[in-house]
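What follows is a set of notes on a single structure, which appears directly below.
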There are 2 protein chains.
Amino acid sequence: MTDPVYSVDGALVPASEARVRVDDRGFQYGDGAFETLRAYGGTPFEWSAHRERLARTCSRLGMPDAVPDDAHERVKATLAANDFDDAYLKICVTRGVQPGTLSPAPDVDPTVVVYAKPLPRGGVGSDPVWDEPARLRTVETRRPPDDVLPADGKTHNYLTAVLARVELRGTDADEALLRDASGAVACAATSNVFAVADGRLHTPSLDGPVLPGVTRSVVVDLAGEAGYPVTEGTYTPLDVREADEAFLTNSTWEVRPVAHVDGTAVGGGPVTRALADRLDERVEALY
Amino acid sequence: MTDPVYSVDGALVPASEARVRVDDRGFQYGDGAFETLRAYGGTPFEWSAHRERLARTCSRLGMPDAVPDDAHERVKATLAANDFDDAYLKICVTRGVQPGTLSPAPDVDPTVVVYAKPLPRGGVGSDPVWDEPARLRTVETRRPPDDVLPADGKTHNYLTAVLARVELRGTDADEALLRDASGAVACAATSNVFAVADGRLHTPSLDGPVLPGVTRSVVVDLAGEAGYPVTEGTYTPLDVREADEAFLTNSTWEVRPVAHVDGTAVGGGPVTRALADRLDERVEALY
């Protein structure tokens, strides 16, 4: 893969030369927000939803105006500089460099980075980005409660997900199922969890410390269109293991079936396929 | 203040030019460990304890060999390059740049940064680094449980402490008192908490998600030498408010009295002063 071009504070630079100061609070404290998204046919998918969540995360970090007005333009300029139509994109907004020590000053000069990598398109009749269905395993690492880290946004404090993945070493699993402090299923390391049981689609309620995934929201919407009733509730790993179907969602995977959970076969099925097909159709409309 | 010199992967560079790649996992995910320490008379104080905790944190992150063998030399070279005798020091070890996405590869080429800033010396008869006693306030942000983030080490996932400080905006407090999920006092945003009551020194037990502070450990040791009984227990903010004396410890503040807690006057006192004096004497021995 050739060196892609990133945007750092508006300047387009080769990825291998894209740097931030070690004094940046994003590096020192993980003091920043990010979004991961996809572009299809040169268009960032669900940009408004991602921008809204990015701004909300920044607000929760006490820097409500940190997302630059031209964020969308920077994303599109990065895509264009790489000549990418279909791509993985990430945008980061950190609190930048500030004088003093830990207490953040209200006046913020944010650091804004846009990453881009080529990613084969989804859409009707195409190959998915994942190689095979997910092998899920329940881990001991727990999803942070909302009073520890904002649960409704993505921050550079992403170590809990990393530690969950570290727990998978030596197992055959490739995605970690995280519970909240009460033992209820929250989400997977980088994805939301759905299960089909009793003729309904189930997914953990946002009342818990569950990331309100953009693809999660699109899938709930598509399920409504398709006439599948959706319950947002409280579930244990056993509920997922015993489901008729299970799948994961995130912006890069889209809809990814779950092969097994803690060694118990679950698999996708007709509902998973129907929702994946409907998502493909929505993506296809972008071309 | 002139631009100090930092060490980045062994190279000594001006702070304003010290950078890491935006692909560094330390920046993207806060996937790294750090230690903050002081140098007195050109000697990093309690280096062995800091190095041990740094290595333990890296182990908990699944990169047990990430701390370079020459870490002490890099710290001393940074001090020397700045011509600092008395200094604030910070050393960071991140998982560096890796191919792929979130799951960390076992093979690690860590990024190692040493920061240095001048800091007036402590020691006998000198001025403390803090301007005045701490004004402490109990916040709603909670200290992360150990199954969310390692409680016995310092990682670049430091946003909880930042958010605790953000909560102090608009109040007269300058340090945040954090409880754990059960409501027990854990520590302050960047310091350990001690209280004197019933003729004993009290501090939250490491059974909770409490950072095992290096200065905390030194102070417990000094209290033993001075004949003050120490209890490591479980406390509420009310216990701290009602104490005879209270103080905070960390590597830069050393022993810092608490003026008030949630508006209730507490203050230092004879035990706080005696322990601060003994710490001064221990530091003085380094010159």
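Labeling convention for the structure tokens: chains A, B, ... as they appear, residues from 1 per chain, ligands from 1 in order of appearance.
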
May I have all residues of segment 29-162 of chain B that DSSP, computed from the backbone, assigns to helix (DSSP H, G or I), given as a PyMOL selection string?
chain B and resi 29+47-60+71-82+159-162

Please find the residues of chain A near chain B - the criterion being any atom within 6 Å, counting only C-alpha atoms - and write them as a ChimeraX atom specification.
/A:18-22,26-31,103,141-142,144,147-148,156-160,165

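Distance-wise, atom CA of Gly267 of chain A and atom CA of Glu245 of chain A end up 5.5 Å apart.
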
Would you list the contacts of Leu206 of chain B as a PyMOL selection string, taking every protein, DNA or RNA residue within 10 Å and counting only C-alpha atoms, but skipping same-chain residues closer than 2 positions in sequence?
chain B and resi 151-152+186+203-204+208-213+232-234

Compare A:Pro4, A:Gly96, A:Pro68, A:Pro257 by their minimum atom-to-atom distance to Gly269 of chain A, counting only C-alpha atoms, and give me the closest one.
A:Pro257

Name all residues at most 9 Å from Val193 of chain A (count only C-alpha atoms; drop same-chain ones fewer than 2 positions away) and give them as a PyMOL selection string.
chain A and resi 177+185-188+191+195+202-204+216+240+246-249

Keeping only N, CA, C and O atoms, write those residues as a CSV table (one decimal), in the first residue's frame.
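Once everything was written out, this is out36.csv:
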```
chain,number,residue,atom,x,y,z
A,177,LEU,N,-16.7,-9.4,23.5
A,177,LEU,CA,-18.0,-9.0,24.0
A,177,LEU,C,-17.8,-8.4,25.4
A,177,LEU,O,-17.4,-9.0,26.3
A,185,VAL,N,-24.8,-7.1,28.8
A,185,VAL,CA,-24.0,-6.9,27.6
A,185,VAL,C,-24.1,-5.4,27.2
A,185,VAL,O,-25.2,-4.8,27.2
A,186,ALA,N,-22.9,-4.8,26.9
A,186,ALA,CA,-22.9,-3.4,26.5
A,186,ALA,C,-22.7,-3.4,25.0
A,186,ALA,O,-23.6,-2.9,24.2
A,187,CYS,N,-21.6,-3.8,24.5
A,187,CYS,CA,-21.2,-3.8,23.1
A,187,CYS,C,-20.0,-4.6,22.9
A,187,CYS,O,-19.4,-5.2,23.9
A,188,ALA,N,-19.5,-4.8,21.7
A,188,ALA,CA,-18.3,-5.4,21.4
A,188,ALA,C,-17.2,-4.3,21.4
A,188,ALA,O,-17.5,-3.1,21.5
A,191,SER,N,-17.8,-2.5,18.1
A,191,SER,CA,-19.1,-2.7,17.4
A,191,SER,C,-20.3,-2.8,18.3
A,191,SER,O,-20.1,-3.1,19.5
A,195,ALA,N,-29.1,-9.3,18.3
A,195,ALA,CA,-29.5,-10.7,18.3
A,195,ALA,C,-31.0,-10.8,17.8
A,195,ALA,O,-31.8,-9.9,18.0
A,202,HIS,N,-33.1,-7.8,18.8
A,202,HIS,CA,-32.8,-7.2,20.2
A,202,HIS,C,-31.4,-6.6,20.1
A,202,HIS,O,-30.5,-7.1,19.5
A,203,THR,N,-31.3,-5.5,20.8
A,203,THR,CA,-30.0,-4.8,21.0
A,203,THR,C,-30.0,-4.1,22.3
A,203,THR,O,-31.0,-3.6,22.8
A,204,PRO,N,-28.8,-4.1,23.0
A,204,PRO,CA,-28.7,-3.4,24.3
A,204,PRO,C,-29.2,-1.9,24.2
A,204,PRO,O,-28.9,-1.2,23.3
A,216,ARG,N,-25.6,1.2,14.0
A,216,ARG,CA,-26.7,0.7,14.9
A,216,ARG,C,-28.0,1.4,14.6
A,216,ARG,O,-29.0,0.8,14.4
A,240,VAL,N,-27.2,-13.8,24.1
A,240,VAL,CA,-26.6,-13.8,22.7
A,240,VAL,C,-26.3,-15.2,22.3
A,240,VAL,O,-26.5,-15.6,21.1
A,246,ALA,N,-27.2,-13.7,15.4
A,246,ALA,CA,-26.6,-12.6,16.0
A,246,ALA,C,-25.7,-11.9,15.0
A,246,ALA,O,-25.1,-12.6,14.1
A,247,PHE,N,-25.6,-10.6,15.1
A,247,PHE,CA,-24.6,-9.9,14.2
A,247,PHE,C,-24.1,-8.6,14.9
A,247,PHE,O,-24.7,-8.2,15.9
A,248,LEU,N,-23.0,-8.1,14.3
A,248,LEU,CA,-22.4,-6.9,14.9
A,248,LEU,C,-22.5,-5.8,13.8
A,248,LEU,O,-22.5,-6.1,12.6
A,249,THR,N,-22.5,-4.6,14.3
A,249,THR,CA,-22.5,-3.5,13.3
A,249,THR,C,-21.4,-2.4,13.7
A,249,THR,O,-21.2,-2.2,14.9
```

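For Thr252 of chain B, the set of protein, DNA and RNA residues having any atom at most 8 Å away, when counting only C-alpha atoms and skipping those fewer than 2 positions along the same chain, is Thr36, Leu37, Arg38, Tyr88, Val129, Asn250 and Glu254 of chain B.
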
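Atom CA of Leu54 of chain A sits 7.4 Å away from atom CA of Val67 of chain A.
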
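Each of B:Asp107, B:Arg121, B:Asp69, B:Gly224 was checked against Gly41 of chain B using only C-alpha atoms; the smallest atom-to-atom distance is that of B:Arg121.
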
Nearby residues (only C-alpha atoms) at most 12 Å from Asp198 of chain A, same-chain spacing under 6 positions excluded, as a ChimeraX atom specification
/A:228-231,239,242-245

What parts of segment 150-250 of chain B does DSSP call strand (DSSP E or B)? I'd like the answer as an mmCIF file with all heavy atoms, in the first residue's frame.
```cif
data_model
loop_
_atom_site.group_PDB
_atom_site.id
_atom_site.type_symbol
_atom_site.label_atom_id
_atom_site.label_comp_id
_atom_site.auth_asym_id
_atom_site.auth_seq_id
_atom_site.Cartn_x
_atom_site.Cartn_y
_atom_site.Cartn_z
ATOM 1 N N THR B 155 -1.855 5.509 32.669
ATOM 2 C CA THR B 155 -1.898 5.321 31.221
ATOM 3 C C THR B 155 -2.269 6.641 30.544
ATOM 4 O O THR B 155 -2.701 7.587 31.207
ATOM 5 C CB THR B 155 -2.927 4.247 30.817
ATOM 6 O OG1 THR B 155 -4.239 4.794 30.971
ATOM 7 C CG2 THR B 155 -2.786 2.980 31.666
ATOM 8 N N GLU B 175 -8.702 21.189 43.019
ATOM 9 C CA GLU B 175 -8.426 19.762 42.882
ATOM 10 C C GLU B 175 -9.729 19.004 43.149
ATOM 11 O O GLU B 175 -10.544 19.404 43.990
ATOM 12 C CB GLU B 175 -7.304 19.307 43.824
ATOM 13 C CG GLU B 175 -6.952 17.814 43.799
ATOM 14 C CD GLU B 175 -6.508 17.233 42.451
ATOM 15 O OE1 GLU B 175 -7.154 17.559 41.440
ATOM 16 O OE2 GLU B 175 -5.540 16.432 42.431
ATOM 17 N N ALA B 176 -9.907 17.913 42.405
ATOM 18 C CA ALA B 176 -11.156 17.153 42.436
ATOM 19 C C ALA B 176 -10.982 15.889 43.260
ATOM 20 O O ALA B 176 -9.986 15.178 43.110
ATOM 21 C CB ALA B 176 -11.568 16.789 41.012
ATOM 22 N N LEU B 177 -11.943 15.614 44.120
ATOM 23 C CA LEU B 177 -11.956 14.387 44.916
ATOM 24 C C LEU B 177 -12.836 13.372 44.200
ATOM 25 O O LEU B 177 -14.033 13.614 43.995
ATOM 26 C CB LEU B 177 -12.504 14.692 46.318
ATOM 27 C CG LEU B 177 -12.482 13.552 47.339
ATOM 28 C CD1 LEU B 177 -11.045 13.120 47.641
ATOM 29 C CD2 LEU B 177 -13.180 13.982 48.627
ATOM 30 N N LEU B 178 -12.229 12.244 43.814
ATOM 31 C CA LEU B 178 -12.976 11.235 43.059
ATOM 32 C C LEU B 178 -13.315 10.047 43.943
ATOM 33 O O LEU B 178 -12.472 9.547 44.695
ATOM 34 C CB LEU B 178 -12.164 10.730 41.870
ATOM 35 C CG LEU B 178 -12.086 11.666 40.665
ATOM 36 C CD1 LEU B 178 -10.875 12.580 40.788
ATOM 37 C CD2 LEU B 178 -12.034 10.882 39.366
ATOM 38 N N ARG B 179 -14.545 9.587 43.806
ATOM 39 C CA ARG B 179 -14.973 8.360 44.478
ATOM 40 C C ARG B 179 -14.914 7.201 43.494
ATOM 41 O O ARG B 179 -14.886 7.396 42.282
ATOM 42 C CB ARG B 179 -16.409 8.540 44.981
ATOM 43 C CG ARG B 179 -16.528 9.571 46.090
ATOM 44 C CD ARG B 179 -17.968 9.997 46.298
ATOM 45 N NE ARG B 179 -18.434 10.800 45.171
ATOM 46 C CZ ARG B 179 -19.684 11.190 44.995
ATOM 47 N NH1 ARG B 179 -20.626 10.834 45.856
ATOM 48 N NH2 ARG B 179 -20.011 11.929 43.947
ATOM 49 N N VAL B 185 -14.054 7.140 48.787
ATOM 50 C CA VAL B 185 -13.000 8.011 48.270
ATOM 51 C C VAL B 185 -11.901 7.147 47.646
ATOM 52 O O VAL B 185 -11.419 6.194 48.274
ATOM 53 C CB VAL B 185 -12.409 8.873 49.405
ATOM 54 C CG1 VAL B 185 -11.144 9.593 48.931
ATOM 55 C CG2 VAL B 185 -13.438 9.881 49.903
ATOM 56 N N ALA B 186 -11.518 7.482 46.414
ATOM 57 C CA ALA B 186 -10.411 6.764 45.764
ATOM 58 C C ALA B 186 -9.146 7.620 45.827
ATOM 59 O O ALA B 186 -8.171 7.244 46.449
ATOM 60 C CB ALA B 186 -10.775 6.425 44.322
ATOM 61 N N CYS B 187 -9.178 8.765 45.183
ATOM 62 C CA CYS B 187 -8.029 9.657 45.176
ATOM 63 C C CYS B 187 -8.490 10.971 44.589
ATOM 64 O O CYS B 187 -9.656 11.127 44.231
ATOM 65 C CB CYS B 187 -6.871 9.063 44.371
ATOM 66 S SG CYS B 187 -7.331 8.341 42.786
ATOM 67 N N ALA B 188 -7.582 11.928 44.503
ATOM 68 C CA ALA B 188 -7.897 13.173 43.810
ATOM 69 C C ALA B 188 -7.416 13.037 42.370
ATOM 70 O O ALA B 188 -6.830 12.026 41.991
ATOM 71 C CB ALA B 188 -7.255 14.343 44.532
ATOM 72 N N SER B 191 -3.607 13.177 42.590
ATOM 73 C CA SER B 191 -2.921 13.023 43.881
ATOM 74 C C SER B 191 -3.627 11.998 44.749
ATOM 75 O O SER B 191 -4.794 11.678 44.545
ATOM 76 C CB SER B 191 -2.845 14.380 44.601
ATOM 77 O OG SER B 191 -4.106 15.018 44.632
ATOM 78 N N ASN B 192 -2.876 11.487 45.725
ATOM 79 C CA ASN B 192 -3.459 10.621 46.753
ATOM 80 C C ASN B 192 -3.907 11.477 47.925
ATOM 81 O O ASN B 192 -3.400 12.574 48.150
ATOM 82 C CB ASN B 192 -2.442 9.577 47.217
ATOM 83 C CG ASN B 192 -2.192 8.492 46.180
ATOM 84 O OD1 ASN B 192 -1.143 8.440 45.552
ATOM 85 N ND2 ASN B 192 -3.158 7.614 45.991
ATOM 86 N N VAL B 193 -4.870 10.923 48.676
ATOM 87 C CA VAL B 193 -5.520 11.665 49.754
ATOM 88 C C VAL B 193 -5.160 11.036 51.099
ATOM 89 O O VAL B 193 -5.233 9.811 51.260
ATOM 90 C CB VAL B 193 -7.055 11.636 49.578
ATOM 91 C CG1 VAL B 193 -7.745 12.373 50.724
ATOM 92 C CG2 VAL B 193 -7.452 12.224 48.234
ATOM 93 N N PHE B 194 -4.760 11.885 52.041
ATOM 94 C CA PHE B 194 -4.507 11.454 53.417
ATOM 95 C C PHE B 194 -5.350 12.304 54.356
ATOM 96 O O PHE B 194 -5.594 13.485 54.094
ATOM 97 C CB PHE B 194 -3.030 11.648 53.790
ATOM 98 C CG PHE B 194 -2.100 10.630 53.200
ATOM 99 C CD1 PHE B 194 -1.590 10.801 51.913
ATOM 100 C CD2 PHE B 194 -1.720 9.509 53.937
ATOM 101 C CE1 PHE B 194 -0.720 9.859 51.371
ATOM 102 C CE2 PHE B 194 -0.843 8.570 53.391
ATOM 103 C CZ PHE B 194 -0.348 8.749 52.108
ATOM 104 N N ALA B 195 -5.768 11.693 55.478
ATOM 105 C CA ALA B 195 -6.488 12.439 56.511
ATOM 106 C C ALA B 195 -5.961 11.997 57.869
ATOM 107 O O ALA B 195 -5.525 10.851 58.038
ATOM 108 C CB ALA B 195 -7.991 12.182 56.406
ATOM 109 N N VAL B 196 -5.981 12.911 58.826
ATOM 110 C CA VAL B 196 -5.591 12.599 60.194
ATOM 111 C C VAL B 196 -6.847 12.657 61.058
ATOM 112 O O VAL B 196 -7.564 13.669 61.041
ATOM 113 C CB VAL B 196 -4.531 13.603 60.715
ATOM 114 C CG1 VAL B 196 -4.164 13.300 62.163
ATOM 115 C CG2 VAL B 196 -3.298 13.595 59.814
ATOM 116 N N ALA B 197 -7.123 11.565 61.746
ATOM 117 C CA ALA B 197 -8.298 11.531 62.636
ATOM 118 C C ALA B 197 -8.052 10.481 63.712
ATOM 119 O O ALA B 197 -7.373 9.470 63.458
ATOM 120 C CB ALA B 197 -9.563 11.185 61.847
ATOM 121 N N ARG B 200 -4.630 8.995 64.168
ATOM 122 C CA ARG B 200 -4.034 8.103 63.166
ATOM 123 C C ARG B 200 -4.013 8.787 61.806
ATOM 124 O O ARG B 200 -4.800 9.705 61.544
ATOM 125 C CB ARG B 200 -4.846 6.803 63.036
ATOM 126 C CG ARG B 200 -5.021 6.020 64.303
ATOM 127 C CD ARG B 200 -5.811 4.721 64.043
ATOM 128 N NE ARG B 200 -5.045 3.780 63.253
ATOM 129 C CZ ARG B 200 -4.187 2.893 63.762
ATOM 130 N NH1 ARG B 200 -3.996 2.832 65.065
ATOM 131 N NH2 ARG B 200 -3.534 2.063 62.978
ATOM 132 N N LEU B 201 -3.135 8.291 60.952
ATOM 133 C CA LEU B 201 -3.103 8.730 59.565
ATOM 134 C C LEU B 201 -3.950 7.738 58.757
ATOM 135 O O LEU B 201 -3.773 6.528 58.885
ATOM 136 C CB LEU B 201 -1.655 8.719 59.082
ATOM 137 C CG LEU B 201 -1.329 9.408 57.761
ATOM 138 C CD1 LEU B 201 -1.673 10.887 57.805
ATOM 139 C CD2 LEU B 201 0.167 9.230 57.455
ATOM 140 N N HIS B 202 -4.871 8.266 57.972
ATOM 141 C CA HIS B 202 -5.758 7.412 57.177
ATOM 142 C C HIS B 202 -5.567 7.703 55.693
ATOM 143 O O HIS B 202 -5.424 8.862 55.303
ATOM 144 C CB HIS B 202 -7.224 7.687 57.534
ATOM 145 C CG HIS B 202 -7.572 7.373 58.944
ATOM 146 N ND1 HIS B 202 -8.015 6.137 59.343
ATOM 147 C CD2 HIS B 202 -7.519 8.137 60.065
ATOM 148 C CE1 HIS B 202 -8.242 6.148 60.651
ATOM 149 N NE2 HIS B 202 -7.949 7.355 61.127
ATOM 150 N N THR B 203 -5.625 6.672 54.882
ATOM 151 C CA THR B 203 -5.577 6.858 53.420
ATOM 152 C C THR B 203 -6.312 5.690 52.768
ATOM 153 O O THR B 203 -6.306 4.573 53.315
ATOM 154 C CB THR B 203 -4.110 6.990 52.934
ATOM 155 O OG1 THR B 203 -4.109 7.517 51.599
ATOM 156 C CG2 THR B 203 -3.357 5.665 52.959
ATOM 157 N N PRO B 204 -6.987 5.944 51.632
ATOM 158 C CA PRO B 204 -7.742 4.854 51.000
ATOM 159 C C PRO B 204 -6.862 3.654 50.675
ATOM 160 O O PRO B 204 -5.739 3.807 50.179
ATOM 161 C CB PRO B 204 -8.301 5.510 49.736
ATOM 162 C CG PRO B 204 -8.451 6.948 50.113
ATOM 163 C CD PRO B 204 -7.243 7.240 50.969
ATOM 164 N N VAL B 230 -0.723 4.173 60.837
ATOM 165 C CA VAL B 230 -1.369 4.401 59.538
ATOM 166 C C VAL B 230 -2.449 3.351 59.323
ATOM 167 O O VAL B 230 -2.196 2.158 59.507
ATOM 168 C CB VAL B 230 -0.350 4.305 58.381
ATOM 169 C CG1 VAL B 230 -1.030 4.541 57.037
ATOM 170 C CG2 VAL B 230 0.799 5.284 58.586
ATOM 171 N N THR B 231 -3.644 3.788 58.934
ATOM 172 C CA THR B 231 -4.716 2.865 58.559
ATOM 173 C C THR B 231 -5.030 3.062 57.086
ATOM 174 O O THR B 231 -5.282 4.182 56.660
ATOM 175 C CB THR B 231 -5.994 3.140 59.385
ATOM 176 O OG1 THR B 231 -5.683 2.996 60.767
ATOM 177 C CG2 THR B 231 -7.103 2.163 59.006
ATOM 178 N N GLU B 232 -4.998 1.979 56.324
ATOM 179 C CA GLU B 232 -5.452 2.032 54.936
ATOM 180 C C GLU B 232 -6.845 1.427 54.916
ATOM 181 O O GLU B 232 -7.007 0.235 55.179
ATOM 182 C CB GLU B 232 -4.478 1.273 54.019
ATOM 183 C CG GLU B 232 -3.066 1.849 54.128
ATOM 184 C CD GLU B 232 -2.068 1.231 53.148
ATOM 185 O OE1 GLU B 232 -2.452 0.971 51.991
ATOM 186 O OE2 GLU B 232 -0.909 1.017 53.544
ATOM 187 N N GLY B 233 -7.851 2.266 54.664
ATOM 188 C CA GLY B 233 -9.235 1.801 54.822
ATOM 189 C C GLY B 233 -10.162 2.325 53.751
ATOM 190 O O GLY B 233 -9.746 2.663 52.647
ATOM 191 N N GLU B 245 -6.948 16.866 60.100
ATOM 192 C CA GLU B 245 -6.029 17.405 59.090
ATOM 193 C C GLU B 245 -6.262 16.600 57.813
ATOM 194 O O GLU B 245 -6.711 15.452 57.877
ATOM 195 C CB GLU B 245 -4.549 17.210 59.483
ATOM 196 C CG GLU B 245 -4.138 17.812 60.806
ATOM 197 C CD GLU B 245 -2.649 17.534 61.116
ATOM 198 O OE1 GLU B 245 -1.844 17.382 60.161
ATOM 199 O OE2 GLU B 245 -2.317 17.469 62.306
ATOM 200 N N ALA B 246 -5.934 17.208 56.688
ATOM 201 C CA ALA B 246 -5.944 16.448 55.427
ATOM 202 C C ALA B 246 -4.867 17.006 54.519
ATOM 203 O O ALA B 246 -4.556 18.203 54.559
ATOM 204 C CB ALA B 246 -7.306 16.526 54.738
ATOM 205 N N PHE B 247 -4.273 16.128 53.732
ATOM 206 C CA PHE B 247 -3.283 16.578 52.749
ATOM 207 C C PHE B 247 -3.283 15.645 51.556
ATOM 208 O O PHE B 247 -3.817 14.528 51.607
ATOM 209 C CB PHE B 247 -1.884 16.710 53.374
ATOM 210 C CG PHE B 247 -1.286 15.434 53.919
ATOM 211 C CD1 PHE B 247 -0.522 14.601 53.109
ATOM 212 C CD2 PHE B 247 -1.473 15.075 55.255
ATOM 213 C CE1 PHE B 247 0.039 13.439 53.620
ATOM 214 C CE2 PHE B 247 -0.908 13.904 55.771
ATOM 215 C CZ PHE B 247 -0.159 13.082 54.952
ATOM 216 N N LEU B 248 -2.692 16.148 50.476
ATOM 217 C CA LEU B 248 -2.574 15.405 49.227
ATOM 218 C C LEU B 248 -1.100 15.134 48.947
ATOM 219 O O LEU B 248 -0.245 15.913 49.382
ATOM 220 C CB LEU B 248 -3.152 16.234 48.066
ATOM 221 C CG LEU B 248 -4.580 16.740 48.244
ATOM 222 C CD1 LEU B 248 -4.963 17.636 47.059
ATOM 223 C CD2 LEU B 248 -5.550 15.577 48.370
ATOM 224 N N THR B 249 -0.836 14.068 48.245
ATOM 225 C CA THR B 249 0.543 13.789 47.849
ATOM 226 C C THR B 249 0.612 13.461 46.363
ATOM 227 O O THR B 249 -0.264 12.785 45.826
ATOM 228 C CB THR B 249 1.137 12.579 48.606
ATOM 229 O OG1 THR B 249 0.352 11.411 48.323
ATOM 230 C CG2 THR B 249 1.173 12.809 50.103
ATOM 231 N N ASN B 250 1.618 13.973 45.708
ATOM 232 C CA ASN B 250 2.056 13.436 44.418
ATOM 233 C C ASN B 250 3.507 13.858 44.216
ATOM 234 O O ASN B 250 4.069 14.590 45.050
ATOM 235 C CB ASN B 250 1.123 13.851 43.266
ATOM 236 C CG ASN B 250 1.178 15.308 42.900
ATOM 237 O OD1 ASN B 250 2.170 15.989 43.134
ATOM 238 N ND2 ASN B 250 0.106 15.809 42.312
#
```

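Interatomic distance, atom CA of Leu286 of chain B against atom CA of Tyr40 of chain B: 6.8 Å.
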
Residue neighbourhood Arg51 of chain A, 9 Å, only C-alpha atoms, exclusion window fewer than 6 positions, as an MDAnalysis selection string:
chainID A and resid 35 67 71:72

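Distance check against Asp280 of chain B using only C-alpha atoms: of B:Val261, B:Val255, B:Leu89, B:Ala49, the minimum falls on B:Val255.
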
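Here the question is which of B:Glu46, B:Glu284, B:Asp70, B:Asp9 gets nearest to Ser251 of chain B using only C-alpha atoms, and that residue is B:Glu46.
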